[in-house]
Amino acid sequence: MRVALRIAYDGSKFYGFQRQPDVKTVEGELINALNKLGIIGSPREAQFQGASRIDRGVSAFFNVVAFNTTNLKLIQPRILNHHLYDMWVLGIAEVPEDFHPRFHAEGKTYRYYLPDEGFDFNAMKDCGRLFLGKHNFSNFARLEKGKNPVRRITHLEILKQEDILVIEVSGESFLWEMVRRMVMALKLCGLGLLGKDDIKNMLEVTTERKIPPAPAENLVLWEIKYENVKFKIDEYSVEKAKKEFFERFSRAIVRATFFRDFYRSL
């Protein structure tokens, strides 16, 4: 049987998604847990595949892996989560034998959490609208050889959450560092260092000006859409994850608050 797992993880605790020797990665830790429980043998034989091999530091609320297994008794989120750290299995789905979590994805949504530096919010929104639709993103990506630079952005929204701007971007697929470079462009627009004409020229590739990427640690893979794949949510695992998320949130917000007060008091 082929199954897919919906996973979430804190990207700051891993050296990226893809397995690497002698370092902690998302794929490596998950495969180790599956091996330990006897759910899969070798990744190659199990046809283990991931939806998105995101960079070091990038987190996920919704990434997907798939593999073949005959051990149906232990393939349960609550069992897997006892063997995982900084990662949570939130749902499981039985999928067709030819299912590939990357190539069968219909679209992805990312969120970037950007501290508000007193940006011109309207300027950022005006520049953001230019990214919608199909464009050549050569100037907003780290291109791999032979990769088609044309991509379609279906949704881009900038939301204010107190001292943070949440930039949400959806598309059919993305290039390497594409979202992080788009975010940096929006930041520069908000600071008045770039304008709408600059963005237009870069999207039309009439300039060789490249935008550097924003830091990876603030980026989250928020959702992946599939047709006819419904993940069964394990309530026990969700409650356990909520408790652990709140503990991390509590620690982070206390430190963020006193650093904010330090900053405002100077």
# chains A, B, ... in the order shown; residues from 1 in each chain; ligands from 1

call {"tool": "residues_around", "arguments": {"residues": "Phe119 in chain A", "least_positions_apart": "2", "cutoff": "10 Å", "atoms": "only C-alpha atoms", "output": "JSON, numbers by chain"}}
result
{"A": [115, 116, 117, 121, 122, 123, 124, 165, 186, 187, 188, 189, 190, 191, 192]}

call {"tool": "write_last_selection", "arguments": {"atoms": "C-alpha atoms", "output": "mmCIF file, in the first residue's frame"}}
result
data_model
loop_
_atom_site.group_PDB
_atom_site.id
_atom_site.type_symbol
_atom_site.label_atom_id
_atom_site.label_comp_id
_atom_site.auth_asym_id
_atom_site.auth_seq_id
_atom_site.Cartn_x
_atom_site.Cartn_y
_atom_site.Cartn_z
ATOM 1 C CA PRO A 115 9.099 42.437 11.007
ATOM 2 C CA ASP A 116 7.522 45.810 10.250
ATOM 3 C CA GLU A 117 10.273 48.432 9.896
ATOM 4 C CA PHE A 121 2.168 49.410 3.352
ATOM 5 C CA ASN A 122 0.328 50.738 0.268
ATOM 6 C CA ALA A 123 3.537 50.778 -1.783
ATOM 7 C CA MET A 124 4.169 47.158 -0.852
ATOM 8 C CA LEU A 165 3.659 41.614 8.202
ATOM 9 C CA LEU A 186 8.447 43.949 -1.452
ATOM 10 C CA LYS A 187 10.532 45.038 1.521
ATOM 11 C CA LEU A 188 12.580 47.353 -0.701
ATOM 12 C CA CYS A 189 9.346 48.753 -2.146
ATOM 13 C CA GLY A 190 8.113 49.409 1.390
ATOM 14 C CA LEU A 191 11.334 51.282 2.176
ATOM 15 C CA GLY A 192 11.069 53.372 -0.991
#

call {"tool": "residues_around", "arguments": {"residues": "Val205 in chain A", "least_positions_apart": "2", "cutoff": "8 Å", "atoms": "only C-alpha atoms", "output": "ChimeraX atom specification"}}
result
/A:136,138-139,201-203,207-208

call {"tool": "atom_distance", "arguments": {"atom1": "CA of Leu80 in chain A", "atom2": "CA of Tyr112 in chain A"}}
result
28.5 Å

call {"tool": "residues_around", "arguments": {"residues": "Ile167 in chain A", "least_positions_apart": "3", "cutoff": "12 Å", "atoms": "only C-alpha atoms", "output": "MDAnalysis selection string"}}
result
chainID A and resid 109:116 121 124:125 128 155:161 164 170 179:180 182:187 218:222

call {"tool": "residues_around", "arguments": {"residues": "range 237-240 of chain A", "least_positions_apart": "3", "cutoff": "7 Å", "atoms": "only C-alpha atoms", "output": "PyMOL selection string"}}
result
chain A and resi 77-78+90+234+243-244

call {"tool": "select_by_dssp", "arguments": {"residues": "range 46-84 of chain A", "states": "alpha helix (DSSP H)", "output": "PyMOL selection string"}}
result
chain A and resi 46+77-81

call {"tool": "write_last_selection", "arguments": {"atoms": "C-alpha atoms", "output": "short mmCIF file (atom, residue, chain, number, x, y, z; two decimals), in the first residue's frame"}}
result
data_model
loop_
_atom_site.label_atom_id
_atom_site.label_comp_id
_atom_site.auth_asym_id
_atom_site.auth_seq_id
_atom_site.Cartn_x
_atom_site.Cartn_y
_atom_site.Cartn_z
CA ALA A 46 9.83 1.93 -0.52
CA PRO A 77 0.72 9.46 13.40
CA ARG A 78 0.59 9.02 17.18
CA ILE A 79 3.14 6.19 17.03
CA LEU A 80 5.47 8.04 14.65
CA ASN A 81 5.36 11.21 16.74
#

call {"tool": "decode", "arguments": {"residues": "range 114-151 of chain A", "atoms": "C-alpha atoms", "output": "short mmCIF file (atom, residue, chain, number, x, y, z; two decimals), in the first residue's frame"}}
result
data_model
loop_
_atom_site.label_atom_id
_atom_site.label_comp_id
_atom_site.auth_asym_id
_atom_site.auth_seq_id
_atom_site.Cartn_x
_atom_site.Cartn_y
_atom_site.Cartn_z
CA LEU A 114 8.48 40.05 8.07
CA PRO A 115 9.10 42.44 11.01
CA ASP A 116 7.52 45.81 10.25
CA GLU A 117 10.27 48.43 9.90
CA GLY A 118 7.79 51.24 9.30
CA PHE A 119 7.15 50.21 5.71
CA ASP A 120 4.90 52.06 3.28
CA PHE A 121 2.17 49.41 3.35
CA ASN A 122 0.33 50.74 0.27
CA ALA A 123 3.54 50.78 -1.78
CA MET A 124 4.17 47.16 -0.85
CA LYS A 125 0.66 46.17 -1.90
CA ASP A 126 1.00 48.05 -5.21
CA CYS A 127 4.25 46.26 -5.99
CA GLY A 128 2.82 42.94 -4.85
CA ARG A 129 -0.01 43.08 -7.39
CA LEU A 130 2.56 43.09 -10.21
CA PHE A 131 3.63 39.55 -9.34
CA LEU A 132 0.17 38.11 -10.00
CA GLY A 133 -0.20 36.06 -13.19
CA LYS A 134 2.42 34.38 -15.37
CA HIS A 135 5.89 35.96 -15.54
CA ASN A 136 9.55 35.24 -16.12
CA PHE A 137 11.04 35.12 -12.62
CA SER A 138 14.70 34.90 -13.69
CA ASN A 139 15.51 38.01 -11.64
CA PHE A 140 13.71 36.66 -8.59
CA ALA A 141 15.23 33.19 -8.30
CA ARG A 142 18.41 31.20 -8.08
CA LEU A 143 18.04 29.38 -11.36
CA GLU A 144 19.11 25.80 -11.85
CA LYS A 145 20.48 24.88 -15.29
CA GLY A 146 17.74 24.06 -17.77
CA LYS A 147 14.95 25.18 -15.42
CA ASN A 148 12.03 27.06 -16.99
CA PRO A 149 11.93 30.49 -15.27
CA VAL A 150 8.27 31.13 -16.11
CA ARG A 151 5.87 30.65 -13.18
#
